[in-house]
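A.B. asks: Structure: structure.cif, mmCIF, C-alpha atoms and all ligand atoms; chains and numbers go by the auth columns.
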data_entry
loop_
_atom_site.group_PDB
_atom_site.id
_atom_site.type_symbol
_atom_site.label_atom_id
_atom_site.label_comp_id
_atom_site.label_asym_id
_atom_site.label_seq_id
_atom_site.Cartn_x
_atom_site.Cartn_y
_atom_site.Cartn_z
_atom_site.B_iso_or_equiv
_atom_site.auth_seq_id
_atom_site.auth_asym_id
ATOM 1 C CA MET A 1 -5.109 1.845 3.159 0.00 17 A
ATOM 2 C CA ASN A 2 -4.322 0.708 6.699 0.00 18 A
ATOM 3 C CA VAL A 3 -1.082 2.047 8.125 0.00 19 A
ATOM 4 C CA GLY A 4 0.466 0.794 11.342 0.00 20 A
ATOM 5 C CA ILE A 5 3.161 2.485 13.403 0.00 21 A
ATOM 6 C CA ILE A 6 4.748 0.371 16.121 0.00 22 A
ATOM 7 C CA TRP A 7 7.129 2.370 18.268 0.00 23 A
ATOM 8 C CA GLY A 8 9.099 2.636 21.492 0.00 24 A
ATOM 9 C CA SER A 9 10.686 5.683 23.102 0.00 25 A
ATOM 10 C CA ASP A 10 12.674 6.265 26.297 0.00 26 A
ATOM 11 C CA SER A 11 12.802 10.057 26.534 0.00 27 A
ATOM 12 C CA GLY A 12 9.947 10.917 24.164 0.00 28 A
ATOM 13 C CA ASP A 13 11.795 11.792 20.946 0.00 29 A
ATOM 14 C CA THR A 14 10.589 8.814 18.911 0.00 30 A
ATOM 15 C CA GLU A 15 7.108 9.344 20.317 0.00 31 A
ATOM 16 C CA ASP A 16 7.165 12.990 19.133 0.00 32 A
ATOM 17 C CA VAL A 17 8.181 11.893 15.638 0.00 33 A
ATOM 18 C CA MET A 18 5.478 9.198 15.649 0.00 34 A
ATOM 19 C CA GLU A 19 2.882 11.853 16.551 0.00 35 A
ATOM 20 C CA TYR A 20 4.123 14.101 13.750 0.00 36 A
ATOM 21 C CA ILE A 21 3.839 11.209 11.276 0.00 37 A
ATOM 22 C CA VAL A 22 0.285 10.460 12.477 0.00 38 A
ATOM 23 C CA GLU A 23 -0.670 14.109 11.813 0.00 39 A
ATOM 24 C CA LYS A 24 0.955 14.072 8.380 0.00 40 A
ATOM 25 C CA LEU A 25 -0.886 10.849 7.482 0.00 41 A
ATOM 26 C CA SER A 26 -4.258 12.030 8.774 0.00 42 A
ATOM 27 C CA SER A 27 -5.928 11.214 5.463 0.00 43 A
ATOM 28 C CA TYR A 28 -5.072 7.525 5.990 0.00 44 A
ATOM 29 C CA ASN A 29 -6.387 4.995 8.465 0.00 45 A
ATOM 30 C CA VAL A 30 -3.435 5.037 10.876 0.00 46 A
ATOM 31 C CA GLU A 31 -3.086 3.047 14.068 0.00 47 A
ATOM 32 C CA ASN A 32 -0.132 3.559 16.378 0.00 48 A
ATOM 33 C CA ILE A 33 0.806 0.851 18.841 0.00 49 A
ATOM 34 C CA HIS A 34 3.404 1.082 21.588 0.00 50 A
ATOM 35 C CA VAL A 35 5.671 -1.924 21.095 0.00 51 A
ATOM 36 C CA GLU A 36 5.095 -2.843 24.743 0.00 52 A
ATOM 37 C CA ASN A 37 1.405 -3.427 23.926 0.00 53 A
ATOM 38 C CA SER A 38 1.945 -5.103 20.575 0.00 54 A
ATOM 39 C CA SER A 39 1.308 -8.682 19.505 0.00 55 A
ATOM 40 C CA ILE A 40 2.777 -10.684 16.634 0.00 56 A
ATOM 41 C CA ASP A 41 -0.460 -10.117 14.690 0.00 57 A
ATOM 42 C CA ASP A 42 0.099 -6.325 14.827 0.00 58 A
ATOM 43 C CA PHE A 43 3.234 -6.767 12.694 0.00 59 A
ATOM 44 C CA THR A 44 1.407 -8.465 9.840 0.00 60 A
ATOM 45 C CA LYS A 45 -2.114 -6.984 9.749 0.00 61 A
ATOM 46 C CA PHE A 46 -1.393 -3.603 8.096 0.00 62 A
ATOM 47 C CA ASP A 47 -0.995 -2.711 4.411 0.00 63 A
ATOM 48 C CA ILE A 48 2.085 -0.690 5.367 0.00 64 A
ATOM 49 C CA LEU A 49 3.949 -0.926 8.646 0.00 65 A
ATOM 50 C CA LEU A 50 6.343 1.694 10.040 0.00 66 A
ATOM 51 C CA LEU A 51 8.591 0.886 13.001 0.00 67 A
ATOM 52 C CA GLY A 52 9.965 3.662 15.228 0.00 68 A
ATOM 53 C CA ILE A 53 12.964 3.016 17.455 0.00 69 A
ATOM 54 C CA SER A 54 15.788 4.861 19.208 0.00 70 A
ATOM 55 C CA THR A 55 19.236 3.510 20.043 0.00 71 A
ATOM 56 C CA TRP A 56 20.658 3.507 23.584 0.00 72 A
ATOM 57 C CA TYR A 57 23.792 2.503 25.520 0.00 73 A
ATOM 58 C CA ASP A 58 26.280 2.018 22.758 0.00 74 A
ATOM 59 C CA GLY A 59 24.225 0.341 20.096 0.00 75 A
ATOM 60 C CA ASP A 60 21.428 -1.205 22.158 0.00 76 A
ATOM 61 C CA LEU A 61 17.758 -1.248 21.282 0.00 77 A
ATOM 62 C CA GLN A 62 15.385 1.160 23.032 0.00 78 A
ATOM 63 C CA SER A 63 14.272 -0.564 26.248 0.00 79 A
ATOM 64 C CA ASP A 64 10.725 -1.584 25.203 0.00 80 A
ATOM 65 C CA TRP A 65 12.024 -2.892 21.885 0.00 81 A
ATOM 66 C CA GLU A 66 14.737 -4.758 23.754 0.00 82 A
ATOM 67 C CA ARG A 67 12.149 -6.559 25.919 0.00 83 A
ATOM 68 C CA PHE A 68 10.059 -7.386 22.855 0.00 84 A
ATOM 69 C CA PHE A 69 13.021 -8.449 20.717 0.00 85 A
ATOM 70 C CA PRO A 70 12.859 -12.247 21.344 0.00 86 A
ATOM 71 C CA THR A 71 9.229 -12.175 20.111 0.00 87 A
ATOM 72 C CA PHE A 72 10.168 -9.905 17.201 0.00 88 A
ATOM 73 C CA GLN A 73 12.715 -12.488 16.084 0.00 89 A
ATOM 74 C CA GLU A 74 9.932 -15.079 15.771 0.00 90 A
ATOM 75 C CA ILE A 75 7.722 -13.040 13.391 0.00 91 A
ATOM 76 C CA ASN A 76 7.298 -14.295 9.842 0.00 92 A
ATOM 77 C CA PHE A 77 7.483 -11.177 7.621 0.00 93 A
ATOM 78 C CA LYS A 78 6.859 -13.016 4.342 0.00 94 A
ATOM 79 C CA ASP A 79 5.234 -10.692 1.753 0.00 95 A
ATOM 80 C CA LYS A 80 5.442 -7.762 4.194 0.00 96 A
ATOM 81 C CA SER A 81 7.052 -4.398 3.482 0.00 97 A
ATOM 82 C CA ILE A 82 8.420 -2.604 6.514 0.00 98 A
ATOM 83 C CA ALA A 83 9.794 0.944 6.817 0.00 99 A
ATOM 84 C CA ILE A 84 11.873 1.945 9.829 0.00 100 A
ATOM 85 C CA PHE A 85 12.611 5.360 11.333 0.00 101 A
ATOM 86 C CA GLY A 86 15.261 5.611 14.020 0.00 102 A
ATOM 87 C CA LEU A 87 16.456 8.239 16.439 0.00 103 A
ATOM 88 C CA GLY A 88 20.061 8.625 17.532 0.00 104 A
ATOM 89 C CA ASP A 89 22.938 10.972 18.283 0.00 105 A
ATOM 90 C CA GLN A 90 25.613 11.045 15.590 0.00 106 A
ATOM 91 C CA TYR A 91 28.194 13.038 17.567 0.00 107 A
ATOM 92 C CA SER A 92 28.056 11.426 21.031 0.00 108 A
ATOM 93 C CA TYR A 93 27.581 7.909 19.611 0.00 109 A
ATOM 94 C CA GLU A 94 29.470 8.142 16.337 0.00 110 A
ATOM 95 C CA ASP A 95 30.347 4.411 16.373 0.00 111 A
ATOM 96 C CA TYR A 96 26.767 3.291 17.029 0.00 112 A
ATOM 97 C CA PHE A 97 24.668 5.832 15.193 0.00 113 A
ATOM 98 C CA VAL A 98 21.028 4.627 14.901 0.00 114 A
ATOM 99 C CA ASP A 99 22.138 0.998 15.247 0.00 115 A
ATOM 100 C CA GLY A 100 18.558 0.111 16.233 0.00 116 A
ATOM 101 C CA ILE A 101 17.415 0.632 12.639 0.00 117 A
ATOM 102 C CA GLY A 102 19.927 -1.928 11.438 0.00 118 A
ATOM 103 C CA ILE A 103 19.168 -4.449 14.166 0.00 119 A
ATOM 104 C CA LEU A 104 15.442 -4.449 13.342 0.00 120 A
ATOM 105 C CA ALA A 105 16.085 -4.411 9.577 0.00 121 A
ATOM 106 C CA SER A 106 18.341 -7.500 9.789 0.00 122 A
ATOM 107 C CA GLU A 107 15.640 -9.466 11.588 0.00 123 A
ATOM 108 C CA VAL A 108 12.952 -8.437 9.088 0.00 124 A
ATOM 109 C CA ILE A 109 15.168 -9.521 6.198 0.00 125 A
ATOM 110 C CA LYS A 110 16.208 -12.734 7.967 0.00 126 A
ATOM 111 C CA ASN A 111 12.508 -13.592 8.387 0.00 127 A
ATOM 112 C CA ASP A 112 11.607 -13.057 4.715 0.00 128 A
ATOM 113 C CA GLY A 113 10.381 -9.449 4.919 0.00 129 A
ATOM 114 C CA LYS A 114 11.256 -6.541 2.674 0.00 130 A
ATOM 115 C CA ILE A 115 12.691 -3.249 3.923 0.00 131 A
ATOM 116 C CA ILE A 116 11.451 -0.129 2.142 0.00 132 A
ATOM 117 C CA GLY A 117 12.340 3.534 2.673 0.00 133 A
ATOM 118 C CA HIS A 118 16.134 3.452 2.512 0.00 134 A
ATOM 119 C CA TRP A 119 17.535 6.878 3.286 0.00 135 A
ATOM 120 C CA PRO A 120 20.751 8.676 2.152 0.00 136 A
ATOM 121 C CA THR A 121 23.685 8.975 4.565 0.00 137 A
ATOM 122 C CA GLU A 122 24.542 12.361 3.105 0.00 138 A
ATOM 123 C CA GLY A 123 24.162 15.134 5.665 0.00 139 A
ATOM 124 C CA TYR A 124 25.169 13.024 8.688 0.00 140 A
ATOM 125 C CA GLU A 125 28.593 12.710 10.374 0.00 141 A
ATOM 126 C CA PHE A 126 29.344 9.410 12.037 0.00 142 A
ATOM 127 C CA VAL A 127 31.988 6.685 11.961 0.00 143 A
ATOM 128 C CA GLU A 128 30.050 3.427 12.169 0.00 144 A
ATOM 129 C CA SER A 129 26.446 2.302 12.096 0.00 145 A
ATOM 130 C CA ARG A 130 24.689 -1.035 11.921 0.00 146 A
ATOM 131 C CA ALA A 131 21.931 0.813 10.063 0.00 147 A
ATOM 132 C CA LEU A 132 23.965 0.965 6.851 0.00 148 A
ATOM 133 C CA PHE A 133 22.504 -0.786 3.816 0.00 149 A
ATOM 134 C CA ASN A 134 25.572 0.342 1.884 0.00 150 A
ATOM 135 C CA LYS A 135 27.930 3.296 2.222 0.00 151 A
ATOM 136 C CA ASP A 136 25.385 5.689 0.727 0.00 152 A
ATOM 137 C CA LEU A 137 22.144 4.473 2.293 0.00 153 A
ATOM 138 C CA PHE A 138 20.681 3.644 5.689 0.00 154 A
ATOM 139 C CA TYR A 139 18.059 0.904 5.892 0.00 155 A
ATOM 140 C CA GLY A 140 15.623 3.534 7.154 0.00 156 A
ATOM 141 C CA LEU A 141 15.178 7.151 8.090 0.00 157 A
ATOM 142 C CA ALA A 142 17.853 8.394 10.525 0.00 158 A
ATOM 143 C CA LEU A 143 16.876 11.308 12.764 0.00 159 A
ATOM 144 C CA ASP A 144 19.003 13.219 15.261 0.00 160 A
ATOM 145 C CA GLU A 145 16.897 15.393 17.532 0.00 161 A
ATOM 146 C CA GLY A 146 19.881 16.395 19.686 0.00 162 A
ATOM 147 C CA ASN A 147 22.010 17.819 16.900 0.00 163 A
ATOM 148 C CA GLN A 148 19.813 18.319 13.841 0.00 164 A
ATOM 149 C CA TYR A 149 16.308 18.864 15.229 0.00 165 A
ATOM 150 C CA GLU A 150 15.695 21.606 12.665 0.00 166 A
ATOM 151 C CA LEU A 151 15.974 19.017 9.868 0.00 167 A
ATOM 152 C CA THR A 152 13.600 16.433 11.353 0.00 168 A
ATOM 153 C CA LYS A 153 10.259 17.547 9.919 0.00 169 A
ATOM 154 C CA ASP A 154 11.671 18.055 6.442 0.00 170 A
ATOM 155 C CA ARG A 155 13.382 14.653 6.553 0.00 171 A
ATOM 156 C CA VAL A 156 10.184 12.959 7.731 0.00 172 A
ATOM 157 C CA ASP A 157 8.099 14.660 5.027 0.00 173 A
ATOM 158 C CA LYS A 158 10.532 13.634 2.277 0.00 174 A
ATOM 159 C CA TRP A 159 10.730 10.079 3.587 0.00 175 A
ATOM 160 C CA LEU A 160 6.938 9.697 3.743 0.00 176 A
ATOM 161 C CA ILE A 161 6.596 11.047 0.190 0.00 177 A
ATOM 162 C CA LYS A 162 9.317 8.629 -0.933 0.00 178 A
ATOM 163 C CA LEU A 163 7.254 5.841 0.624 0.00 179 A
ATOM 164 C CA GLY A 164 4.371 6.917 -1.600 0.00 180 A
ATOM 165 C CA PHE A 165 2.156 8.764 0.883 0.00 181 A
ATOM 166 C CA ILE A 166 0.273 11.956 0.119 0.00 182 A
ATOM 167 C CA LEU A 167 0.762 14.206 3.143 0.00 183 A
ATOM 168 C CA SER A 168 -1.814 16.286 4.967 0.00 184 A
ATOM 169 C CA ASP A 169 -1.038 19.934 5.441 0.00 185 A
ATOM 170 C CA ILE A 170 -0.934 20.333 9.219 0.00 186 A
ATOM 171 C CA ASP A 171 -1.078 24.162 9.118 0.00 187 A
ATOM 172 C CA PHE A 172 -4.181 23.981 6.970 0.00 188 A
ATOM 173 C CA CYS A 173 -5.807 21.526 9.386 0.00 189 A
ATOM 174 C CA ALA A 174 -4.974 23.729 12.374 0.00 190 A
ATOM 175 C CA LYS A 175 -6.874 26.733 10.957 0.00 191 A
HETATM 176 C C1 LIG B . 22.733 7.142 27.685 0.00 1 B
HETATM 177 C C2 LIG B . 22.429 7.325 26.227 0.00 1 B
HETATM 178 C C3 LIG B . 22.894 6.384 25.320 0.00 1 B
HETATM 179 C C4 LIG B . 22.666 6.565 23.940 0.00 1 B
HETATM 180 N N1 LIG B . 23.189 5.664 23.026 0.00 1 B
HETATM 181 C C5 LIG B . 23.047 5.912 21.703 0.00 1 B
HETATM 182 C C6 LIG B . 23.663 5.059 20.735 0.00 1 B
HETATM 183 O O1 LIG B . 24.307 4.069 21.042 0.00 1 B
HETATM 184 N N2 LIG B . 23.497 5.365 19.404 0.00 1 B
HETATM 185 C C7 LIG B . 22.770 6.464 18.992 0.00 1 B
HETATM 186 O O2 LIG B . 22.658 6.704 17.792 0.00 1 B
HETATM 187 N N3 LIG B . 22.166 7.279 19.908 0.00 1 B
HETATM 188 C C8 LIG B . 22.303 7.044 21.232 0.00 1 B
HETATM 189 N N4 LIG B . 21.701 7.856 22.141 0.00 1 B
HETATM 190 C C9 LIG B . 20.863 8.971 21.672 0.00 1 B
HETATM 191 C C10 LIG B . 19.367 8.657 21.716 0.00 1 B
HETATM 192 O O3 LIG B . 19.038 7.617 20.806 0.00 1 B
HETATM 193 C C11 LIG B . 18.590 9.927 21.324 0.00 1 B
HETATM 194 O O4 LIG B . 18.692 10.836 22.398 0.00 1 B
HETATM 195 C C12 LIG B . 17.159 9.686 20.945 0.00 1 B
HETATM 196 O O5 LIG B . 16.617 10.880 20.444 0.00 1 B
HETATM 197 C C13 LIG B . 16.322 9.168 22.097 0.00 1 B
HETATM 198 O O6 LIG B . 15.045 8.850 21.596 0.00 1 B
HETATM 199 P P1 LIG B . 13.851 8.375 22.555 0.00 1 B
HETATM 200 O O7 LIG B . 13.564 9.519 23.475 0.00 1 B
HETATM 201 O O8 LIG B . 12.731 8.120 21.645 0.00 1 B
HETATM 202 O O9 LIG B . 14.316 7.157 23.276 0.00 1 B
HETATM 203 C C14 LIG B . 21.921 7.683 23.507 0.00 1 B
HETATM 204 C C15 LIG B . 21.443 8.615 24.445 0.00 1 B
HETATM 205 C C16 LIG B . 21.703 8.437 25.781 0.00 1 B
HETATM 206 C C17 LIG B . 21.195 9.475 26.753 0.00 1 B
#
Starting from the coordinates I provided, produce the structure as structure tokens.
Ligand SMILES: Cc1cc2nc3c(=O)[nH]c(=O)nc-3n(C[C@H](O)[C@H](O)[C@H](O)COP(=O)(O)O)c2cc1C

C.D. replies:
Amino acid sequence: MNVGIIWGSDSGDTEDVMEYIVEKLSSYNVENIHVENSSIDDFTKFDILLLGISTWYDGDLQSDWERFFPTFQEINFKDKSIAIFGLGDQYSYEDYFVDGIGILASEVIKNDGKIIGHWPTEGYEFVESRALFNKDLFYGLALDEGNQYELTKDRVDKWLIKLGFILSDIDFCAK
């Protein structure tokens, strides 16, 4: 199975998570593409596509995603299933927590795609978020490296398993 991860990161947090996911999915054929270097074809050529994004400046897209966004809006996601992971800060940006997830998800849905990998809101404290599918679920995996870094790996593992992946044991590989 071909897995794609298209990502953008300003201070490296989303990149770190992307690298962790690549390690965990080492038994699959995984290609990661920085959104800056991506083409429309990269969004439709994989069996499963993961998108990684952080949110900046009161609900804005991460800068590389922001530059790519007009192209992203043109992509036809028909018959495609997309899973999104997003980084944010629930305490400093409680009214905009992981908005980037929601902004990408809306475009995918608008252009006939399907969002998979909804994630519970339980365990987070925030006021508003465009990433909400409903009051109990985000459209994708929400991660907060600033405030809950100790939960990140466990959240990622659970999310990947929920998406149907069988995970590699990194410690075993490192021996
Ligand atoms: C100036 C600034 C603005 C931010 N704005 C938001 C925001 O609106 N919503 C949010 O959830 N997180 C916000 N964050 C938190 C970042 O998304 C978070 O630090 C994330 O881990 C950065 O990931 P990256 O290094 O991959 O870009 C902001 C952080 C900074 C420094």

A.B. asks: Quick one: which residues end up in the PyMOL selection byres (((chain A and resi 105-120) around 8) and not hetatm) for this structure, as a ChimeraX atom specification?

C.D. replies: /A:69-71,74-78,100-104,121-124,140-148,155-156,158,160-163

A.B. asks: Which is closer to ligand LIG 1 (chain B) than all the others in A:Ile64, A:Ile91, A:Val33, A:Leu157, using all atoms listed in the file?

C.D. replies: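 Ranking A:Ile64, A:Ile91, A:Val33, A:Leu157 by distance to ligand LIG 1 (chain B), first place goes to A:Val33.
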
A.B. asks: I need the residue nearest ligand LIG 1 (chain B) from this list: A:Glu47, A:Glu166, A:Asp80, A:Asp57. Use all atoms listed in the file for the distance.

C.D. replies: A:Asp80

A.B. asks: To verify the selection step, state as a VMD selection string which residues the PyMOL selection byres (((chain A and resi 133) around 12) and not hetatm) yields on this input.

C.D. replies: chain A and resid 64 to 67 97 to 102 117 121 130 to 132 134 to 136 149 153 to 158 171 to 172 174 to 181

A.B. asks: Pick from A:Ser54, A:Ser79, A:Gln164, A:Ser42: nearest to A:Ile182, with all atoms listed in the file counted?

C.D. replies: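 Closest candidate: A:Ser42.
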